[in-house]
$ cat protein_8.txt   # compact mmCIF, C-alpha atoms and all ligand atoms
# COMPACT_ATOMS: atom_id res chain seq x y z
CA MET A 1 100.59 81.86 95.53
CA ASP A 2 98.63 85.10 95.76
CA ILE A 3 98.98 86.11 99.39
CA SER A 4 101.09 85.43 102.48
CA VAL A 5 99.58 86.79 105.66
CA VAL A 6 102.33 87.36 108.23
CA VAL A 7 101.17 87.66 111.83
CA PRO A 8 103.67 88.47 114.60
CA LEU A 9 102.29 87.41 117.94
CA TYR A 10 103.29 87.47 121.56
CA ASN A 11 100.87 85.90 124.03
CA GLU A 12 97.74 86.08 121.91
CA VAL A 13 96.35 82.59 122.54
CA GLU A 14 92.71 83.68 122.81
CA SER A 15 92.64 85.51 119.48
CA LEU A 16 94.23 82.85 117.31
CA PRO A 17 91.23 80.59 116.55
CA GLU A 18 89.01 83.49 115.49
CA LEU A 19 91.82 85.24 113.61
CA THR A 20 92.86 82.24 111.53
CA SER A 21 89.34 81.13 110.66
CA TRP A 22 88.39 84.67 109.69
CA ILE A 23 91.45 85.05 107.44
CA SER A 24 90.72 81.69 105.82
CA LYS A 25 87.11 82.64 105.22
CA VAL A 26 88.11 85.88 103.46
CA MET A 27 90.64 84.00 101.32
CA PHE A 28 88.15 81.32 100.40
CA ASP A 29 85.39 83.80 99.55
CA ASN A 30 87.73 85.69 97.24
CA GLY A 31 89.37 82.64 95.70
CA PHE A 32 92.91 83.56 96.76
CA THR A 33 95.70 81.03 97.10
CA TYR A 34 97.42 81.81 100.37
CA GLU A 35 99.31 80.90 103.52
CA ILE A 36 99.05 82.23 107.06
CA ILE A 37 102.45 82.57 108.68
CA LEU A 38 102.06 82.80 112.45
CA VAL A 39 105.28 83.94 114.09
CA ASP A 40 105.27 83.13 117.78
CA ASP A 41 107.60 85.70 119.31
CA GLY A 42 108.41 83.69 122.44
CA SER A 43 104.92 83.51 123.94
CA ASN A 44 104.47 81.83 127.30
CA ASP A 45 100.68 81.59 127.32
CA GLY A 46 100.34 78.47 125.18
CA SER A 47 100.09 80.30 121.86
CA TRP A 48 102.40 77.78 120.19
CA ASP A 49 100.34 74.80 121.30
CA MET A 50 97.29 76.60 119.97
CA ILE A 51 99.05 77.08 116.61
CA LEU A 52 99.86 73.34 116.49
CA LYS A 53 96.26 72.57 117.26
CA LEU A 54 94.83 74.95 114.67
CA LYS A 55 97.22 73.57 112.08
CA GLU A 56 95.53 70.16 112.37
CA SER A 57 92.31 71.50 110.89
CA ASN A 58 93.73 74.34 108.76
CA SER A 59 96.53 73.29 106.41
CA PHE A 60 97.10 76.85 105.24
CA ILE A 61 98.73 77.70 108.56
CA ARG A 62 102.50 77.76 108.94
CA GLY A 63 104.16 78.40 112.27
CA ILE A 64 107.53 79.79 113.25
CA LYS A 65 108.48 79.73 116.90
CA PHE A 66 111.18 81.94 118.38
CA ARG A 67 113.25 80.59 121.24
CA ARG A 68 112.38 83.70 123.26
CA ASN A 69 110.78 87.12 122.83
CA TYR A 70 112.80 89.13 120.31
CA GLY A 71 110.27 91.85 119.51
CA LYS A 72 107.83 92.63 116.73
CA SER A 73 110.50 93.68 114.23
CA ALA A 74 112.35 90.38 114.41
CA ALA A 75 109.06 88.49 114.15
CA LEU A 76 108.09 90.41 111.02
CA ASN A 77 111.54 89.92 109.55
CA VAL A 78 111.50 86.16 109.89
CA GLY A 79 107.97 86.09 108.44
CA PHE A 80 109.14 88.15 105.47
CA GLU A 81 111.96 85.69 104.81
CA ALA A 82 109.54 82.77 104.87
CA ALA A 83 106.77 84.32 102.75
CA ASN A 84 105.92 82.78 99.35
CA GLY A 85 102.99 84.92 98.24
CA ASN A 86 103.22 87.55 95.51
CA VAL A 87 101.65 89.96 97.96
CA VAL A 88 102.52 89.92 101.65
CA ILE A 89 100.01 91.23 104.18
CA THR A 90 101.08 91.93 107.75
CA MET A 91 98.48 91.99 110.46
CA ASP A 92 98.44 92.14 114.26
CA ALA A 93 97.15 89.05 116.03
CA ASP A 94 94.84 90.81 118.46
CA LEU A 95 91.93 91.23 116.02
CA GLN A 96 92.41 95.02 116.00
CA ASP A 97 93.07 94.67 112.26
CA SER A 98 90.23 93.25 110.20
CA PRO A 99 90.97 90.49 107.65
CA ASP A 100 88.10 91.92 105.61
CA GLU A 101 90.51 94.63 104.42
CA ILE A 102 92.77 92.09 102.69
CA PRO A 103 91.13 91.99 99.22
CA ALA A 104 91.22 95.78 98.79
CA LEU A 105 94.83 95.98 99.98
CA TYR A 106 95.75 93.15 97.61
CA ARG A 107 94.29 95.01 94.64
CA ARG A 108 96.17 98.19 95.46
CA ILE A 109 99.39 96.20 94.97
CA THR A 110 98.40 94.10 91.96
CA GLU A 111 96.21 96.56 90.05
CA ASP A 112 97.39 99.99 91.17
CA LYS A 113 101.02 98.77 91.19
CA TYR A 114 101.92 100.04 94.62
CA ASP A 115 105.07 98.69 96.31
CA LEU A 116 103.63 99.14 99.77
CA VAL A 117 100.20 100.13 101.00
CA SER A 118 99.89 101.09 104.63
CA GLY A 119 96.67 100.93 106.60
CA TRP A 120 95.46 104.16 108.11
CA LYS A 121 93.34 103.87 111.21
CA ALA A 122 91.60 107.17 110.65
CA LYS A 123 89.18 106.54 113.51
CA ARG A 124 90.89 105.19 116.62
CA TYR A 125 89.53 103.81 119.84
CA ASP A 126 92.61 104.60 121.87
CA PRO A 127 92.90 106.75 124.99
CA ILE A 128 94.16 110.29 124.45
CA THR A 129 97.47 109.35 126.12
CA LYS A 130 98.12 107.21 123.07
CA THR A 131 96.52 109.22 120.27
CA ILE A 132 98.41 112.46 120.94
CA PRO A 133 101.92 110.91 121.03
CA THR A 134 100.94 108.93 117.93
CA LYS A 135 100.01 112.13 116.09
CA VAL A 136 103.32 113.76 117.05
CA PHE A 137 105.21 110.61 116.08
CA ASN A 138 103.55 110.48 112.67
CA SER A 139 104.07 114.11 111.80
CA VAL A 140 107.74 114.04 112.81
CA THR A 141 108.29 110.83 110.84
CA ARG A 142 106.49 112.36 107.87
CA SER A 143 108.74 115.40 107.73
CA MET A 144 111.97 113.53 108.48
CA SER A 145 111.36 110.77 105.96
CA GLY A 146 109.88 112.88 103.20
CA ILE A 147 107.00 110.41 102.83
CA LYS A 148 104.34 113.10 102.81
CA ASN A 149 101.26 111.02 102.10
CA LEU A 150 101.20 108.68 105.11
CA HIS A 151 99.22 109.44 108.25
CA ASP A 152 99.78 106.25 110.19
CA PHE A 153 103.28 104.77 109.83
CA ASN A 154 102.89 102.29 112.67
CA CYS A 155 99.68 100.59 111.54
CA GLY A 156 100.17 96.82 111.79
CA LEU A 157 98.03 96.19 108.73
CA LYS A 158 100.08 96.66 105.57
CA ALA A 159 100.44 95.12 102.14
CA TYR A 160 103.72 94.67 100.27
CA ARG A 161 104.87 93.55 96.89
CA LYS A 162 106.94 90.41 97.45
CA THR A 163 110.19 92.01 96.21
CA VAL A 164 109.87 94.66 98.92
CA VAL A 165 109.84 92.25 101.85
CA LYS A 166 112.66 90.22 100.34
CA ASN A 167 114.86 93.30 100.07
CA ILE A 168 114.42 95.05 103.38
CA GLU A 169 115.55 94.19 106.87
CA VAL A 170 113.38 95.07 109.86
CA TYR A 171 115.39 95.16 113.08
CA GLY A 172 115.39 96.69 116.56
CA GLU A 173 112.32 98.85 116.97
CA MET A 174 112.10 99.65 113.28
CA HIS A 175 108.74 97.96 112.73
CA ARG A 176 107.29 101.42 113.26
CA TYR A 177 109.18 102.73 110.25
CA ILE A 178 108.84 100.06 107.58
CA PRO A 179 107.63 102.54 104.93
CA VAL A 180 110.79 104.56 105.61
CA ILE A 181 113.02 101.48 105.32
CA ALA A 182 111.26 100.58 102.06
CA LYS A 183 111.77 104.06 100.68
CA TRP A 184 115.51 103.93 101.46
CA ALA A 185 115.67 100.59 99.67
CA GLY A 186 114.29 102.31 96.58
CA PHE A 187 110.62 101.29 96.75
CA THR A 188 109.00 104.67 96.33
CA LYS A 189 105.44 103.88 95.31
CA ILE A 190 103.97 103.96 98.80
CA GLY A 191 100.26 104.38 99.34
CA GLU A 192 97.71 104.47 102.08
CA GLN A 193 94.34 102.93 102.63
CA ILE A 194 91.84 103.79 105.35
CA VAL A 195 91.16 100.71 107.46
CA GLU A 196 88.92 99.94 110.37
CA HIS A 197 90.40 100.08 113.85
CA ARG A 198 88.79 97.59 116.16
CA PRO A 199 89.15 97.52 119.94
CA ARG A 200 91.47 94.82 121.30
CA LYS A 201 89.27 91.84 122.09
CA TYR A 202 91.48 89.69 124.29
CA GLY A 203 94.65 90.23 126.28
CA LYS A 204 96.37 93.58 126.54
CA THR A 205 98.78 95.77 124.60
CA LYS A 206 102.43 94.67 124.63
CA PHE A 207 103.80 98.16 124.23
CA GLY A 208 103.41 100.26 127.38
CA MET A 209 105.17 103.52 128.13
CA SER A 210 108.35 102.03 126.68
CA ARG A 211 106.92 102.71 123.22
CA PHE A 212 107.56 106.42 123.74
CA VAL A 213 111.18 106.01 124.83
CA ASN A 214 111.94 103.46 122.11
CA GLY A 215 110.03 105.45 119.54
CA PHE A 216 112.07 108.52 120.36
CA LEU A 217 115.37 106.65 120.09
CA ASP A 218 114.18 105.28 116.75
CA LEU A 219 113.44 108.76 115.54
CA LEU A 220 116.93 109.90 116.44
CA SER A 221 118.48 106.92 114.70
CA ILE A 222 116.26 107.42 111.66
CA PHE A 223 117.37 111.01 111.51
CA PHE A 224 121.04 110.15 111.75
CA VAL A 225 120.89 107.19 109.42
CA GLY A 226 118.91 109.24 106.92
CA LYS A 227 121.42 112.06 107.02
CA PHE A 228 124.66 110.16 107.38
CA GLY A 229 123.97 106.86 105.72
CA LYS A 230 125.51 103.72 107.15
CA ARG A 231 127.77 105.57 109.54
CA PRO A 232 125.40 107.80 111.48
CA MET A 233 128.07 108.66 113.99
CA HIS A 234 130.24 110.46 111.48
CA PHE A 235 128.23 113.37 112.77
CA PHE A 236 130.03 113.29 116.13
CA GLY A 237 133.40 112.88 114.51
CA THR A 238 132.74 115.90 112.31
CA MET A 239 131.55 118.06 115.20
CA GLY A 240 134.56 116.98 117.23
CA THR A 241 136.99 117.76 114.45
CA LEU A 242 135.43 121.20 113.90
CA SER A 243 135.59 122.01 117.60
CA PHE A 244 139.17 120.80 117.83
CA LEU A 245 140.22 122.84 114.80
CA THR A 246 138.56 125.96 116.24
CA GLY A 247 140.56 125.49 119.44
CA LEU A 248 143.71 124.96 117.44
CA VAL A 249 143.26 128.12 115.35
CA ILE A 250 142.62 130.21 118.46
CA SER A 251 145.72 128.75 120.15
CA ILE A 252 147.87 129.52 117.14
CA TRP A 253 146.56 133.05 117.10
CA LEU A 254 147.27 133.47 120.84
CA ILE A 255 150.81 132.16 120.47
CA SER A 256 151.63 134.33 117.47
CA ASP A 257 150.12 137.30 119.28
CA LYS A 258 152.41 136.62 122.21
CA LEU A 259 155.44 136.16 119.93
CA TYR A 260 154.61 139.43 118.18
CA TYR A 261 154.63 141.27 121.49
CA VAL A 262 157.88 139.66 122.53
CA ALA A 263 159.58 140.22 119.16
CA HIS A 264 158.75 143.91 119.12
CA SER A 265 159.38 144.20 122.85
CA LEU A 266 156.17 146.15 123.21
CA LYS A 267 155.36 147.55 126.64
CA VAL A 268 153.78 144.92 128.97
CA PRO A 269 154.00 141.44 127.38
CA ARG A 270 150.53 139.90 127.38
CA GLU A 271 150.21 136.62 129.23
CA ILE A 272 148.39 133.96 127.16
CA THR A 273 146.56 132.59 130.20
CA ALA A 274 145.25 136.03 131.09
CA GLN A 275 143.12 136.17 127.98
CA PRO A 276 139.51 134.85 127.83
CA LEU A 277 140.23 133.43 124.39
CA PHE A 278 142.67 131.01 125.97
CA TYR A 279 139.89 129.35 127.94
CA ILE A 280 137.63 129.15 124.92
CA ALA A 281 140.42 127.42 123.03
CA LEU A 282 141.00 125.03 125.92
CA VAL A 283 137.34 124.02 126.13
CA ALA A 284 137.07 123.67 122.34
CA ILE A 285 140.08 121.36 122.25
CA ILE A 286 138.90 119.19 125.14
CA VAL A 287 135.30 118.95 123.90
CA GLY A 288 136.56 118.39 120.37
CA SER A 289 138.78 115.46 121.28
CA GLN A 290 136.01 113.85 123.36
CA LEU A 291 133.47 114.15 120.55
CA PHE A 292 136.02 112.78 118.15
CA LEU A 293 136.58 109.77 120.38
CA THR A 294 132.81 109.23 120.62
CA GLY A 295 132.58 109.23 116.85
CA PHE A 296 135.52 106.84 116.63
CA ILE A 297 133.97 104.37 119.07
CA ALA A 298 130.65 104.55 117.20
CA GLU A 299 132.56 103.85 114.02
CA LEU A 300 134.07 100.71 115.56
CA VAL A 301 130.67 99.58 116.78
CA SER A 302 128.95 100.19 113.46
CA ARG A 303 131.67 98.29 111.61
CA ASN A 304 131.15 95.32 113.88
CA SER A 305 127.37 95.12 113.78
CA HIS A 306 126.77 93.62 110.35
CA GLU A 307 124.20 91.21 111.69
CA ARG A 308 121.45 93.14 113.32
CA ASN A 309 118.99 90.32 113.74
CA HIS A 310 120.25 87.64 116.07
CA TYR A 311 117.03 85.81 116.71
CA GLN A 312 116.90 82.04 116.95
CA VAL A 313 114.08 79.98 115.55
CA GLU A 314 113.26 77.01 117.76
CA GLU A 315 110.67 75.26 115.60
CA ARG A 316 108.89 75.56 112.26
CA ILE A 317 105.76 73.83 111.06
N1 LIG B 401 104.00 91.61 119.31
C1 LIG B 401 105.07 90.75 119.04
N2 LIG B 401 106.18 90.83 119.83
C2 LIG B 401 106.28 91.70 120.89
C3 LIG B 401 105.20 92.58 121.12
C4 LIG B 401 104.08 92.51 120.31
O1 LIG B 401 105.02 89.95 118.10
O2 LIG B 401 107.31 91.69 121.56
C5 LIG B 401 102.80 91.54 118.47
C6 LIG B 401 101.49 91.46 119.24
O3 LIG B 401 101.22 90.13 119.67
C7 LIG B 401 100.50 91.98 118.23
C8 LIG B 401 101.31 93.04 117.50
O4 LIG B 401 102.69 92.73 117.73
O5 LIG B 401 100.11 90.96 117.31
C9 LIG B 401 100.98 94.44 117.99
O6 LIG B 401 101.12 94.51 119.38
P1 LIG B 401 100.06 95.24 120.32
O7 LIG B 401 98.67 94.92 119.90
O8 LIG B 401 100.43 94.94 121.72
O9 LIG B 401 100.38 96.78 120.01
P2 LIG B 401 99.35 98.00 119.91
O10 LIG B 401 98.17 97.54 119.07
O11 LIG B 401 98.94 98.29 121.33
O12 LIG B 401 100.13 99.09 119.27
MG MG B 402 97.06 95.87 119.17

$ encode --input "protein_8.txt" --output "structure tokens"
Amino acid sequence: MDISVVVPLYNEVESLPELTSWISKVMFDNGFTYEIILVDDGSNDGSWDMILKLKESNSFIRGIKFRRNYGKSAALNVGFEAANGNVVITMDADLQDSPDEIPALYRRITEDKYDLVSGWKAKRYDPITKTIPTKVFNSVTRSMSGIKNLHDFNCGLKAYRKTVVKNIEVYGEMHRYIPVIAKWAGFTKIGEQIVEHRPRKYGKTKFGMSRFVNGFLDLLSIFFVGKFGKRPMHFFGTMGTLSFLTGLVISIWLISDKLYYVAHSLKVPREITAQPLFYIALVAIIVGSQLFLTGFIAELVSRNSHERNHYQVEERI
């Protein structure tokens, strides 16, 4: 099979007929063998019934239905597991991504030998409240990840070599960082392709202001995971240990200073608690042990979270 198109969707009932017939038309015109994997991420607007209905007249459609809404990352992940095509294309369901881009993306993988090609919506029809944060997000991600040639990490339209999707795990809010996850997994040939950005035709966006909060938390976790590997929180443990040791060294110095005075019975013996250094040492020791505990707890948590994706599939067709 040439291509698997994976579409995560949450309450997109109106778009589905047009989306699936358009994809099928592109595939037919180009002579591709393909499947359309529609992942219903717990919709409650009748999207699943629509998928069942569309399936009756379009045998290239497969459907996976989540028991509830688990988020775009989980939906992509389950689609990746199910995909059979040599090239996997991901695409949003809202018709903002154009299926007409599929043949060119496909060739970038098969002919130019890219592992991953990410769409770049160079011209966007979004309000400025979305474009500016997006620009900041992309430039920070670019510098943190070292993937210098991408402008639009979060574009829903992407193409992957099959081995890539079978060897990465997309979890939490990480759908915004798939090129970064792929790079960590060792797939370094990552390219970009300018694609058309179309206005959302039906329904409304599923990511409101929360995208900024979640995106920021993702950035932090990306930074820590990138720097400290599987145990991001070693960072806190290290800071804690350093702070604790600093406090310890100062205390030892204070005590030996005091002993020196006593031993040589020098004039007025200096009281340890009368010295500013004593308070610095105290704070360093307290802060140090708290940070260390934080790191330790994080360590316990990270050791117990082997399975990040806990989604449940209710039905497959
Ligand atoms: N989506 C999903 N699960 C969610 C939220 C969104 O599968 O919990 C899908 C959504 O149906 C769409 C794609 O992810 O196909 C992108 O979402 P949206 O268009 O709302 O995001 P935007 O284009 O505004 O960034
Ligand atoms: Mg959209």

$ atom_distance --input "protein_8.txt" --atom1 "atom CA of Phe32 of chain A" --atom2 "atom CA of Ala75 of chain A"
24.2 Å

$ residues_around --input "protein_8.txt" --residues "Gln312 of chain A" --least-positions-apart "6" --cutoff "12 Å" --atoms "all atoms listed in the file" --output "VMD selection string"
chain A and resid 40 to 42 64 to 70 74 to 75 78

$ atom_distance --input "protein_8.txt" --atom1 "atom CA of Ser4 of chain A" --atom2 "atom CA of Trp22 of chain A"
14.6 Å

$ residues_near_ligand --input "protein_8.txt" --ligand "ligand MG 402 (chain B)" --cutoff "8 Å" --atoms "only C-alpha atoms and all ligand atoms" --output "number ranges by chain"
A: 92-96, 200, 204-206

$ residues_near_point --input "protein_8.txt" --point "(97.1, 97.1, 96.0)" --cutoff "6 Å" --atoms "all atoms listed in the file" --output "list of chain:residue names"
A:Leu105, A:Tyr106, A:Arg107, A:Arg108, A:Ile109, A:Thr110, A:Asp112, A:Tyr114

$ decode --input "protein_8.txt" --residues "segment 28-47 of chain A" --atoms "N, CA and C atoms" --output "PDB file, in the first residue's frame"
ATOM      1  N   PHE A  28      -7.321   8.439  -6.400  1.00  0.00           N
ATOM      2  CA  PHE A  28      -7.716   7.799  -7.652  1.00  0.00           C
ATOM      3  C   PHE A  28      -7.013   8.447  -8.836  1.00  0.00           C
ATOM      4  N   ASP A  29      -7.031   9.785  -8.876  1.00  0.00           N
ATOM      5  CA  ASP A  29      -6.404  10.511  -9.986  1.00  0.00           C
ATOM      6  C   ASP A  29      -4.922  10.201 -10.119  1.00  0.00           C
ATOM      7  N   ASN A  30      -4.266   9.922  -8.972  1.00  0.00           N
ATOM      8  CA  ASN A  30      -2.830   9.682  -9.012  1.00  0.00           C
ATOM      9  C   ASN A  30      -2.477   8.195  -9.000  1.00  0.00           C
ATOM     10  N   GLY A  31      -3.485   7.361  -8.958  1.00  0.00           N
ATOM     11  CA  GLY A  31      -3.246   5.916  -8.999  1.00  0.00           C
ATOM     12  C   GLY A  31      -2.579   5.351  -7.759  1.00  0.00           C
ATOM     13  N   PHE A  32      -2.809   5.965  -6.602  1.00  0.00           N
ATOM     14  CA  PHE A  32      -2.221   5.447  -5.363  1.00  0.00           C
ATOM     15  C   PHE A  32      -3.095   4.355  -4.765  1.00  0.00           C
ATOM     16  N   THR A  33      -2.460   3.355  -4.164  1.00  0.00           N
ATOM     17  CA  THR A  33      -3.208   2.444  -3.300  1.00  0.00           C
ATOM     18  C   THR A  33      -3.169   3.048  -1.902  1.00  0.00           C
ATOM     19  N   TYR A  34      -4.282   3.011  -1.202  1.00  0.00           N
ATOM     20  CA  TYR A  34      -4.360   3.809   0.027  1.00  0.00           C
ATOM     21  C   TYR A  34      -5.430   3.337   0.990  1.00  0.00           C
ATOM     22  N   GLU A  35      -5.409   3.943   2.177  1.00  0.00           N
ATOM     23  CA  GLU A  35      -6.493   3.781   3.152  1.00  0.00           C
ATOM     24  C   GLU A  35      -6.662   5.119   3.855  1.00  0.00           C
ATOM     25  N   ILE A  36      -7.865   5.388   4.310  1.00  0.00           N
ATOM     26  CA  ILE A  36      -8.123   6.605   5.090  1.00  0.00           C
ATOM     27  C   ILE A  36      -8.480   6.150   6.497  1.00  0.00           C
ATOM     28  N   ILE A  37      -7.624   6.471   7.458  1.00  0.00           N
ATOM     29  CA  ILE A  37      -7.901   6.049   8.831  1.00  0.00           C
ATOM     30  C   ILE A  37      -8.477   7.229   9.597  1.00  0.00           C
ATOM     31  N   LEU A  38      -9.774   7.156   9.884  1.00  0.00           N
ATOM     32  CA  LEU A  38     -10.440   8.240  10.610  1.00  0.00           C
ATOM     33  C   LEU A  38     -10.471   7.872  12.089  1.00  0.00           C
ATOM     34  N   VAL A  39      -9.802   8.662  12.904  1.00  0.00           N
ATOM     35  CA  VAL A  39      -9.768   8.365  14.333  1.00  0.00           C
ATOM     36  C   VAL A  39     -10.724   9.310  15.054  1.00  0.00           C
ATOM     37  N   ASP A  40     -11.822   8.763  15.508  1.00  0.00           N
ATOM     38  CA  ASP A  40     -12.815   9.577  16.207  1.00  0.00           C
ATOM     39  C   ASP A  40     -12.406   9.684  17.678  1.00  0.00           C
ATOM     40  N   ASP A  41     -11.945  10.873  18.036  1.00  0.00           N
ATOM     41  CA  ASP A  41     -11.423  11.117  19.377  1.00  0.00           C
ATOM     42  C   ASP A  41     -12.552  11.474  20.346  1.00  0.00           C
ATOM     43  N   GLY A  42     -13.517  10.575  20.461  1.00  0.00           N
ATOM     44  CA  GLY A  42     -14.609  10.777  21.427  1.00  0.00           C
ATOM     45  C   GLY A  42     -15.607  11.849  21.048  1.00  0.00           C
ATOM     46  N   SER A  43     -15.906  11.992  19.780  1.00  0.00           N
ATOM     47  CA  SER A  43     -16.876  13.015  19.345  1.00  0.00           C
ATOM     48  C   SER A  43     -18.255  12.743  19.928  1.00  0.00           C
ATOM     49  N   ASN A  44     -19.032  13.816  20.110  1.00  0.00           N
ATOM     50  CA  ASN A  44     -20.418  13.620  20.541  1.00  0.00           C
ATOM     51  C   ASN A  44     -21.386  14.338  19.605  1.00  0.00           C
ATOM     52  N   ASP A  45     -20.960  14.536  18.362  1.00  0.00           N
ATOM     53  CA  ASP A  45     -21.820  15.228  17.397  1.00  0.00           C
ATOM     54  C   ASP A  45     -22.280  14.298  16.267  1.00  0.00           C
ATOM     55  N   GLY A  46     -22.105  12.978  16.492  1.00  0.00           N
ATOM     56  CA  GLY A  46     -22.520  12.044  15.455  1.00  0.00           C
ATOM     57  C   GLY A  46     -21.454  11.756  14.413  1.00  0.00           C
ATOM     58  N   SER A  47     -20.210  12.152  14.686  1.00  0.00           N
ATOM     59  CA  SER A  47     -19.131  11.894  13.727  1.00  0.00           C
ATOM     60  C   SER A  47     -18.977  10.397  13.441  1.00  0.00           C
TER      61      SER A  47
END
